[in-house]
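Quick notes on the structure that follows.
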Amino acid sequence: MARHFDVVVIGGGPAGYVAAIRCAQLGMNTACIDQWRDRQDRPVLGGTCLNSGCIPSKALLESSEIYDQAQSSFSMHGVKCGGVTLDLNAMMVRKDKVVATLTQGIAGLFKSHKITWVTGHARLLPRKQVEVHEDGESKGQLIEAENIILASGSIPAEIDAAPLHGDLIVDSSGALEFPEVPARLGIIGAGAIGLELGSVWRRLGSQVVLLEAQPEFLTITDSQVAGEALRQFTSQGLDIRLGARVLGCRILENHVELEYQDHGGDHRETVDRLIVAVGRRPNTRGLFAPETELLLDEWGVIHVDEQCRTNIPGVYAIGDVVRGPMLAHKGSGEGIMVAERIAGQQSSVNYDTVPSVIYTLPEIAWVGKSEQALRAAGTNFRVGVFPFSASGRALALGNTAGMVKIIADAATDRVLGVHMIGPHCSELIAQAVIAMQFSASSEDLAMTMFAHPTLSEVFHEAALAVDGRAIHIARARRR
Ligand code: FAD
Ligand code: NAD
């Protein structure tokens with residue numbers, strides 16, 4: 001006999017658990033099925049983001065940054081602390097505690113919202129039925145629902161040239177668990193994961209070599225920001241090799257020998273550990289029976305419309321398993337939209353204002369269109385740029401690298417994109433998102449008052465600079 005719910009969500013990551021909570025808030029009898037188990041083999045909610053993505057990586061970024069600062073920049077502030085040593089185990093224990101606090105928090109939220117948490121692997125069947133199997137169980141339980149939300153997330157992409165090998169060649173999950181600091185660390189892919197985890201291990205003492213296939217650095221962001229980022233990371237000691245095509249890997253006892261090719265010819269590189277960070281792909285493994293006729297595109301991405309409806313009536317898909325950036329907040333936004341649509345509301349997601357952040361130091365953040373994209377589309381625009389080096393607050397922080405760039409439509413002055421690199425840009429970008437969400441012009445931002453001394457003033461000055469009237473900059477540097 002099948003159990004019946006108003007809504008069943010498959011996947012308890014930031015897309016799925018948020019959708020489940022919103023459905024419950026709207027009065028729907030909701031179940032969320034998730035297969036994730038922690039290292040102690042206990043079922044946990046939170047998906048990739050909480051268990052092996054956003055949260056543990058940010059915990060390590062923070063800890064490694066403190067360690068690095070204690071060695072390199074505390075003395076600049078007149079703070080002397082000799083004999084700084086690393087307790088990697090304690091750092092990992094702290095990271096695990098942060099993760100556990102949050103995953104248990106979601107279990108608590110489920111309880112308080114009376115959401116039924118079902119553990120095990122779910123498979124969509126025809127007629128809006130779902131079969132759930134715990135590991136090793138021969139017969140699963142059957143669940144049916146009026147509406148089903150697929151939120152099964154993504155998994156790391158693999159490449160034939162570097163197949164995972166124990167703890168020597170790992171994906172991002174393995175790279176969050178190294179038991180000691182590798183003396184020499186190789187990373188394939190200089191994207192978000194490569195740069196964040198490369199920063200962590202460099203700060204902890206590794207020599208880090210990043211092999212990036214693209215001839216240009218960080219093509220997903222504005223080229224001026226990418227250029228500044230490359231300068232900063234290189235000066236920190238990250239060895240970023242562009243246009244590098246990995247041909248193969250050999251395991252030599254406790255090392256990995258990489259063979260790669262770039263414009264200069266063939267090269268070999270020996271590292272103690274290798275991280276493969278070449279992107280992620282949608283996770284649809286065993287997610288649906290073929291008879292459901294669920295439509296995927298050629299990349300294995302579940303096909304959905306703007307409202308996250310699949311080709312099967314009453315079945316939705318959200319988060320990393322559908323088109324768009326693989327970001328936690330994008331999936332959560334889709335979860336809320338779908339829950340509200342099921343409840344009959346007219347909600348939508350504004351895909352033009354999804355912010356992106358790379359949590360390196362300096363941080364990189366952007367929203368909206370880049371200059372390159374606008375130029376390619378033939379849009380006329382004006383640009384205002386302001387450097388953190390002219391900010392009193394950045395100087396007081398001792399963190400003056402980078403700038404804020406605001407791009408506004410030449411005719412309407414509406415803000416089309418904001419790109420930044422510098423201190424606390426992960427927080428500053430929210431101002432740009434709000435501005436764009438409310439269709440602000442650069443003039444609106446220029447007329448707004450910002451507290452002094454704050455990093456936000458750099459955002460204000462960039463808005464003034466769109467019209468060539470930034471205050472705290474010599475005339476020659478105005479654009
Ligand atoms: P997931 O979080 O992957 O969750 C899917 C869940 O579904 C999992 O728990 C999985 O076990 C479960 N599941 C899958 N199939 C089934 C099934 N058939 N039955 C039952 N359960 C199933 N994004 C950011 O926005 N900011 C960041 O700082 C950030 N940092 C990251 C750092 C790293 C190292 C990584 C790897 C990713 C990072 N991301 C970040 C990306 C972010 O983690 C994902 O975009 C986000 O987790 C996607 O959410 P989701 O709910 O779609 O999928
Ligand atoms: P990514 O797409 O950000 O970067 C992958 C990089 O690998 C690209 O630069 C690509 O050119 C390169 N690459 C691909 N194949 C290669 C090959 N064979 N050899 C060398 N280089 C190769 O992917 P990622 O860093 O793996 O991250 C996966 C996803 O997780 C991303 O979509 C990202 O949105 C998300 N994520 C987000 C954050 C964040 O929001 N701060 C942090 C980590 C991950």
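For the structure tokens, the naming scheme is as follows: chains receive sequential letters (A, B, ...) according to their order of presentation, residues are indexed from 1 within each chain, and ligands are indexed from 1 in presentation order.
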Val18 of chain A environment, 8 Å, only C-alpha atoms, sequence neighbours closer than 6 positions dropped, as a compact mmCIF listing (two decimals) with N, CA, C and O atoms, in the first residue's frame:
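Result file selection_2.txt:
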```
# COMPACT_ATOMS: atom_id res chain seq x y z
N SER A 332 17.83 27.07 -4.37
CA SER A 332 16.88 27.42 -3.31
C SER A 332 15.78 28.33 -3.87
O SER A 332 14.60 28.17 -3.54
N GLY A 335 13.41 26.31 -5.69
CA GLY A 335 12.60 25.52 -4.75
C GLY A 335 11.42 26.31 -4.23
O GLY A 335 10.28 25.83 -4.18
N ILE A 336 11.69 27.57 -3.88
CA ILE A 336 10.62 28.43 -3.36
C ILE A 336 9.60 28.71 -4.47
O ILE A 336 8.39 28.63 -4.26
```
How close does chain A get to ligand 2? List, as a tab-separated table, each residue of chain A within 6 Å, its nearest atom pair and the distance in Å to one decimal, counting only C-alpha atoms and all ligand atoms.
```
residue	atom	partner	partner_atom_place_in_ligand_line	distance
A:Ile188	CA	ligand 2	20 (C)	4.9
A:Gly189	CA	ligand 2	7 (O)	3.3
A:Ala190	CA	ligand 2	9 (O)	4.8
A:Gly191	CA	ligand 2	4 (O)	3.3
A:Ala192	CA	ligand 2	25 (O)	3.9
A:Ile193	CA	ligand 2	25 (O)	3.6
A:Gly194	CA	ligand 2	25 (O)	5.3
A:Leu211	CA	ligand 2	20 (C)	5.5
A:Glu212	CA	ligand 2	21 (N)	3.9
A:Ala213	CA	ligand 2	20 (C)	3.9
A:Gln214	CA	ligand 2	11 (O)	5.0
A:Arg245	CA	ligand 2	19 (N)	5.4
A:Val246	CA	ligand 2	19 (N)	5.6
A:Ala277	CA	ligand 2	26 (O)	4.0
A:Val278	CA	ligand 2	7 (O)	3.6
A:Gly279	CA	ligand 2	26 (O)	3.2
A:Arg280	CA	ligand 2	28 (C)	4.8
A:Pro325	CA	ligand 2	34 (O)	5.8
A:Met326	CA	ligand 2	34 (O)	4.4
A:Leu327	CA	ligand 2	34 (O)	5.2
A:Ser356	CA	ligand 2	40 (O)	5.9
A:Val357	CA	ligand 2	41 (N)	5.0
A:Ile358	CA	ligand 2	41 (N)	4.2
A:Tyr359	CA	ligand 2	41 (N)	5.5
```
Next, the residues of the selection above should be written as an mmCIF file, in the first residue's frame with N, CA, C and O atoms.
```cif
data_model
loop_
_atom_site.group_PDB
_atom_site.id
_atom_site.type_symbol
_atom_site.label_atom_id
_atom_site.label_comp_id
_atom_site.auth_asym_id
_atom_site.auth_seq_id
_atom_site.Cartn_x
_atom_site.Cartn_y
_atom_site.Cartn_z
ATOM 1 N N ILE A 188 43.639 19.954 -11.428
ATOM 2 C CA ILE A 188 43.212 20.086 -12.826
ATOM 3 C C ILE A 188 41.926 20.911 -12.819
ATOM 4 O O ILE A 188 40.918 20.494 -12.236
ATOM 5 N N GLY A 189 41.982 22.083 -13.454
ATOM 6 C CA GLY A 189 40.820 22.974 -13.502
ATOM 7 C C GLY A 189 41.013 24.165 -12.580
ATOM 8 O O GLY A 189 41.119 23.996 -11.365
ATOM 9 N N ALA A 190 41.102 25.374 -13.159
ATOM 10 C CA ALA A 190 41.241 26.592 -12.347
ATOM 11 C C ALA A 190 39.916 27.332 -12.348
ATOM 12 O O ALA A 190 39.831 28.509 -12.714
ATOM 13 N N GLY A 191 38.843 26.634 -11.939
ATOM 14 C CA GLY A 191 37.527 27.255 -11.788
ATOM 15 C C GLY A 191 37.294 27.541 -10.312
ATOM 16 O O GLY A 191 38.247 27.693 -9.538
ATOM 17 N N ALA A 192 36.005 27.587 -9.934
ATOM 18 C CA ALA A 192 35.657 27.958 -8.558
ATOM 19 C C ALA A 192 36.300 26.999 -7.542
ATOM 20 O O ALA A 192 36.921 27.436 -6.568
ATOM 21 N N ILE A 193 36.170 25.696 -7.787
ATOM 22 C CA ILE A 193 36.700 24.730 -6.818
ATOM 23 C C ILE A 193 38.224 24.757 -6.808
ATOM 24 O O ILE A 193 38.857 24.809 -5.749
ATOM 25 N N GLY A 194 38.839 24.751 -7.991
ATOM 26 C CA GLY A 194 40.297 24.758 -8.072
ATOM 27 C C GLY A 194 40.892 25.958 -7.346
ATOM 28 O O GLY A 194 41.862 25.823 -6.593
ATOM 29 N N LEU A 211 46.403 23.321 -13.446
ATOM 30 C CA LEU A 211 46.458 23.118 -14.892
ATOM 31 C C LEU A 211 45.076 23.396 -15.467
ATOM 32 O O LEU A 211 44.114 22.682 -15.156
ATOM 33 N N GLU A 212 44.985 24.450 -16.244
ATOM 34 C CA GLU A 212 43.687 24.885 -16.767
ATOM 35 C C GLU A 212 43.687 24.731 -18.291
ATOM 36 O O GLU A 212 44.586 25.242 -18.969
ATOM 37 N N ALA A 213 42.666 24.069 -18.815
ATOM 38 C CA ALA A 213 42.609 23.803 -20.254
ATOM 39 C C ALA A 213 42.422 25.071 -21.087
ATOM 40 O O ALA A 213 42.996 25.206 -22.166
ATOM 41 N N GLN A 214 41.637 26.015 -20.561
ATOM 42 C CA GLN A 214 41.356 27.238 -21.335
ATOM 43 C C GLN A 214 42.604 28.103 -21.461
ATOM 44 O O GLN A 214 43.351 28.238 -20.487
ATOM 45 N N ARG A 245 46.595 20.966 -21.416
ATOM 46 C CA ARG A 245 45.741 19.795 -21.686
ATOM 47 C C ARG A 245 46.388 18.565 -21.064
ATOM 48 O O ARG A 245 47.485 18.173 -21.465
ATOM 49 N N VAL A 246 45.719 18.009 -20.048
ATOM 50 C CA VAL A 246 46.291 16.848 -19.366
ATOM 51 C C VAL A 246 46.107 15.624 -20.253
ATOM 52 O O VAL A 246 44.995 15.312 -20.697
ATOM 53 N N ALA A 277 39.126 18.990 -10.653
ATOM 54 C CA ALA A 277 38.041 19.964 -10.433
ATOM 55 C C ALA A 277 37.667 20.575 -11.775
ATOM 56 O O ALA A 277 37.931 21.748 -12.034
ATOM 57 N N VAL A 278 37.068 19.755 -12.639
ATOM 58 C CA VAL A 278 36.799 20.162 -14.022
ATOM 59 C C VAL A 278 35.304 20.382 -14.272
ATOM 60 O O VAL A 278 34.841 20.301 -15.397
ATOM 61 N N GLY A 279 34.566 20.672 -13.209
ATOM 62 C CA GLY A 279 33.138 20.915 -13.348
ATOM 63 C C GLY A 279 32.325 19.796 -12.722
ATOM 64 O O GLY A 279 32.872 18.817 -12.214
ATOM 65 N N ARG A 280 31.015 19.946 -12.743
ATOM 66 C CA ARG A 280 30.114 18.946 -12.186
ATOM 67 C C ARG A 280 29.043 18.631 -13.218
ATOM 68 O O ARG A 280 28.797 19.415 -14.121
ATOM 69 N N PRO A 325 23.296 28.181 -13.617
ATOM 70 C CA PRO A 325 24.509 28.005 -12.821
ATOM 71 C C PRO A 325 24.301 27.007 -11.684
ATOM 72 O O PRO A 325 23.209 26.940 -11.107
ATOM 73 N N MET A 326 25.331 26.213 -11.398
ATOM 74 C CA MET A 326 25.234 25.235 -10.309
ATOM 75 C C MET A 326 25.584 25.938 -9.004
ATOM 76 O O MET A 326 26.709 25.846 -8.496
ATOM 77 N N LEU A 327 24.609 26.663 -8.475
ATOM 78 C CA LEU A 327 24.815 27.438 -7.253
ATOM 79 C C LEU A 327 23.684 27.145 -6.275
ATOM 80 O O LEU A 327 22.520 27.010 -6.682
ATOM 81 N N SER A 356 27.174 35.526 -8.406
ATOM 82 C CA SER A 356 28.228 34.509 -8.328
ATOM 83 C C SER A 356 29.356 35.044 -7.457
ATOM 84 O O SER A 356 29.686 36.228 -7.547
ATOM 85 N N VAL A 357 29.927 34.154 -6.667
ATOM 86 C CA VAL A 357 31.044 34.564 -5.796
ATOM 87 C C VAL A 357 32.119 33.487 -5.838
ATOM 88 O O VAL A 357 31.802 32.299 -5.823
ATOM 89 N N ILE A 358 33.361 33.900 -5.865
ATOM 90 C CA ILE A 358 34.470 32.961 -5.649
ATOM 91 C C ILE A 358 35.177 33.441 -4.384
ATOM 92 O O ILE A 358 35.612 34.595 -4.295
ATOM 93 N N TYR A 359 35.236 32.531 -3.394
ATOM 94 C CA TYR A 359 35.634 32.936 -2.042
ATOM 95 C C TYR A 359 37.138 32.848 -1.815
ATOM 96 O O TYR A 359 37.593 32.275 -0.839
#
```
Query raised in the report: Counting only C-alpha atoms, what is within 10 Å of Glu134 of chain A, bar same-chain residues fewer than 5 positions away, as a PyMOL selection string?
Result: chain A and resi 35+118-122+139-141
Could you please take those selected residues and save C-alpha atoms as a PDB file, in the first residue's frame?
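Heads up, here's the output in result33.pdb:
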```
ATOM      1  CA  GLN A  35      20.176   9.093   0.226  1.00  0.00           C
ATOM      2  CA  VAL A 118      12.529   9.448   4.176  1.00  0.00           C
ATOM      3  CA  THR A 119      16.049   8.024   3.875  1.00  0.00           C
ATOM      4  CA  GLY A 120      17.186   5.974   0.887  1.00  0.00           C
ATOM      5  CA  HIS A 121      17.482   6.068  -2.882  1.00  0.00           C
ATOM      6  CA  ALA A 122      14.359   7.294  -4.702  1.00  0.00           C
ATOM      7  CA  LYS A 139      11.927  -4.471  -1.641  1.00  0.00           C
ATOM      8  CA  GLY A 140      11.459  -0.732  -1.426  1.00  0.00           C
ATOM      9  CA  GLN A 141       8.575   1.320  -0.092  1.00  0.00           C
TER      10      GLN A 141
END
```
Query raised in the report: If you count only C-alpha atoms, which residues fall within 12 Å of Ile240 of chain A, apart from same-chain ones fewer than 4 positions away, as a PyMOL selection string?
Result: chain A and resi 186-191+194-195+198-199+207-218+229-236+244
Written selection (N, CA, C and O atoms) as a CSV table (one decimal), in the first residue's frame:
```csv
chain,number,residue,atom,x,y,z
A,186,GLY,N,48.7,19.2,-7.1
A,186,GLY,CA,48.3,19.5,-8.5
A,186,GLY,C,46.8,19.6,-8.5
A,186,GLY,O,46.1,18.9,-7.7
A,187,ILE,N,46.3,20.5,-9.3
A,187,ILE,CA,44.8,20.7,-9.4
A,187,ILE,C,44.5,20.8,-10.9
A,187,ILE,O,45.1,21.6,-11.6
A,188,ILE,N,43.6,20.0,-11.4
A,188,ILE,CA,43.2,20.1,-12.8
A,188,ILE,C,41.9,20.9,-12.8
A,188,ILE,O,40.9,20.5,-12.2
A,189,GLY,N,42.0,22.1,-13.5
A,189,GLY,CA,40.8,23.0,-13.5
A,189,GLY,C,41.0,24.2,-12.6
A,189,GLY,O,41.1,24.0,-11.4
A,190,ALA,N,41.1,25.4,-13.2
A,190,ALA,CA,41.2,26.6,-12.3
A,190,ALA,C,39.9,27.3,-12.3
A,190,ALA,O,39.8,28.5,-12.7
A,191,GLY,N,38.8,26.6,-11.9
A,191,GLY,CA,37.5,27.3,-11.8
A,191,GLY,C,37.3,27.5,-10.3
A,191,GLY,O,38.2,27.7,-9.5
A,194,GLY,N,38.8,24.8,-8.0
A,194,GLY,CA,40.3,24.8,-8.1
A,194,GLY,C,40.9,26.0,-7.3
A,194,GLY,O,41.9,25.8,-6.6
A,195,LEU,N,40.3,27.1,-7.5
A,195,LEU,CA,40.8,28.3,-6.9
A,195,LEU,C,40.6,28.4,-5.4
A,195,LEU,O,41.5,28.8,-4.6
A,198,GLY,N,42.5,25.3,-3.9
A,198,GLY,CA,44.0,25.7,-4.1
A,198,GLY,C,44.4,26.7,-3.1
A,198,GLY,O,45.5,26.6,-2.5
A,199,SER,N,43.6,27.7,-2.9
A,199,SER,CA,43.9,28.7,-1.9
A,199,SER,C,44.0,28.1,-0.5
A,199,SER,O,45.0,28.5,0.3
A,207,GLN,N,52.8,23.7,-2.1
A,207,GLN,CA,53.0,24.4,-3.4
A,207,GLN,C,51.9,23.9,-4.4
A,207,GLN,O,51.8,22.7,-4.5
A,208,VAL,N,51.2,24.8,-4.9
A,208,VAL,CA,50.0,24.5,-5.7
A,208,VAL,C,50.2,24.8,-7.2
A,208,VAL,O,50.5,25.9,-7.6
A,209,VAL,N,50.0,23.8,-8.0
A,209,VAL,CA,50.1,24.0,-9.5
A,209,VAL,C,48.7,23.7,-10.1
A,209,VAL,O,48.1,22.6,-9.8
A,210,LEU,N,48.1,24.7,-10.8
A,210,LEU,CA,46.8,24.5,-11.4
A,210,LEU,C,47.0,24.4,-12.9
A,210,LEU,O,47.6,25.3,-13.5
A,211,LEU,N,46.4,23.3,-13.4
A,211,LEU,CA,46.5,23.1,-14.9
A,211,LEU,C,45.1,23.4,-15.5
A,211,LEU,O,44.1,22.7,-15.2
A,212,GLU,N,45.0,24.5,-16.2
A,212,GLU,CA,43.7,24.9,-16.8
A,212,GLU,C,43.7,24.7,-18.3
A,212,GLU,O,44.6,25.2,-19.0
A,213,ALA,N,42.7,24.1,-18.8
A,213,ALA,CA,42.6,23.8,-20.3
A,213,ALA,C,42.4,25.1,-21.1
A,213,ALA,O,43.0,25.2,-22.2
A,214,GLN,N,41.6,26.0,-20.6
A,214,GLN,CA,41.4,27.2,-21.3
A,214,GLN,C,42.6,28.1,-21.5
A,214,GLN,O,43.4,28.2,-20.5
A,215,PRO,N,42.8,28.7,-22.6
A,215,PRO,CA,44.0,29.6,-22.7
A,215,PRO,C,43.8,30.9,-22.0
A,215,PRO,O,44.8,31.6,-21.7
A,216,GLU,N,42.6,31.3,-21.6
A,216,GLU,CA,42.3,32.5,-20.9
A,216,GLU,C,41.9,32.1,-19.4
A,216,GLU,O,41.3,31.0,-19.2
A,217,PHE,N,42.2,33.0,-18.5
A,217,PHE,CA,41.9,32.7,-17.1
A,217,PHE,C,40.5,33.1,-16.7
A,217,PHE,O,40.1,34.3,-17.1
A,218,LEU,N,39.7,32.3,-16.0
A,218,LEU,CA,38.4,32.6,-15.5
A,218,LEU,C,37.5,33.3,-16.4
A,218,LEU,O,37.0,34.4,-16.2
A,229,ALA,N,42.6,39.2,-10.9
A,229,ALA,CA,42.6,38.0,-10.0
A,229,ALA,C,43.8,37.2,-10.4
A,229,ALA,O,44.5,36.7,-9.5
A,230,LEU,N,44.2,37.1,-11.6
A,230,LEU,CA,45.3,36.3,-12.0
A,230,LEU,C,46.6,36.9,-11.4
A,230,LEU,O,47.5,36.2,-10.9
A,231,ARG,N,46.7,38.2,-11.5
A,231,ARG,CA,47.9,38.9,-10.9
A,231,ARG,C,47.9,38.6,-9.4
A,231,ARG,O,49.0,38.2,-8.8
A,232,GLN,N,46.8,38.7,-8.7
A,232,GLN,CA,46.8,38.5,-7.2
A,232,GLN,C,47.2,37.1,-6.8
A,232,GLN,O,48.0,36.8,-6.0
A,233,PHE,N,46.5,36.1,-7.5
A,233,PHE,CA,46.8,34.7,-7.2
A,233,PHE,C,48.2,34.3,-7.5
A,233,PHE,O,48.8,33.6,-6.7
A,234,THR,N,48.7,34.8,-8.6
A,234,THR,CA,50.1,34.5,-9.0
A,234,THR,C,51.0,35.0,-7.9
A,234,THR,O,52.0,34.4,-7.5
A,235,SER,N,50.8,36.3,-7.5
A,235,SER,CA,51.7,36.9,-6.5
A,235,SER,C,51.6,36.1,-5.1
A,235,SER,O,52.5,36.1,-4.3
A,236,GLN,N,50.4,35.5,-4.9
A,236,GLN,CA,50.3,34.7,-3.6
A,236,GLN,C,51.1,33.4,-3.7
A,236,GLN,O,51.2,32.7,-2.8
A,244,ALA,N,46.5,24.3,-20.7
A,244,ALA,CA,47.2,23.0,-20.3
A,244,ALA,C,46.3,21.8,-20.5
A,244,ALA,O,45.2,21.8,-19.8
```
Report task. Mind checking which residues fall within 9 Å of Leu295 of chain A, counting only C-alpha atoms, ignoring those fewer than 5 positions away in the same chain, and posting them as a PyMOL selection string? Result -> chain A and resi 301-304+310-312
Query - All residues 10 Å or closer to Gly47 of chain A, only C-alpha atoms, same chain fewer than 2 positions away omitted, as a list of chain:residue names - result: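 Final neighbour list, sorted by chain and number: A:Gly11, A:Gly12, A:Gly13, A:Pro14, A:Ala15, A:Gly16, A:Tyr17, A:Asp34, A:Gln35, A:Trp36, A:Arg37, A:Val44, A:Leu45, A:Cys49, A:Leu50, A:Asn51, A:Ser52, A:Gly53, A:Thr103, A:Ala151, A:Ser152, A:Gly153, A:Ser154.
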Requested in this report: Write out as an MDAnalysis selection string each polymer residue whose atoms come within 9 Å of Ala373 of chain A, counting only C-alpha atoms; drop sequence neighbours fewer than 5 positions from it.
Outcome: chainID A and resid 222 378:379
I need the residues from that last selection saved to file as a PDB file, in the first residue's frame (with N, CA and C atoms), if you can.
```
ATOM      1  N   ASP A 222      34.156  38.881 -15.718  1.00  0.00           N
ATOM      2  CA  ASP A 222      34.618  40.043 -16.472  1.00  0.00           C
ATOM      3  C   ASP A 222      36.139  39.966 -16.684  1.00  0.00           C
ATOM      4  N   GLY A 378      26.044  43.845 -28.923  1.00  0.00           N
ATOM      5  CA  GLY A 378      25.873  45.146 -29.580  1.00  0.00           C
ATOM      6  C   GLY A 378      25.171  46.181 -28.712  1.00  0.00           C
ATOM      7  N   THR A 379      25.217  45.995 -27.395  1.00  0.00           N
ATOM      8  CA  THR A 379      24.568  46.956 -26.481  1.00  0.00           C
ATOM      9  C   THR A 379      25.537  48.096 -26.169  1.00  0.00           C
TER      10      THR A 379
END
```
Report task. Mind listing the alpha helix (DSSP H) residues of segment 318-433 of chain A, per DSSP on the backbone, as a ChimeraX atom specification? Result -> /A:328-342,371-377,392-397,425-433
Query raised in the report: Running DSSP on the backbone, which parts of segment 155-290 of chain A land in strand (DSSP E or B), as a PyMOL selection string?
Result: chain A and resi 155-156+165+169-170+184-188+207-211+239-241+245-252+255-262+265-271+273-276+280-282+288
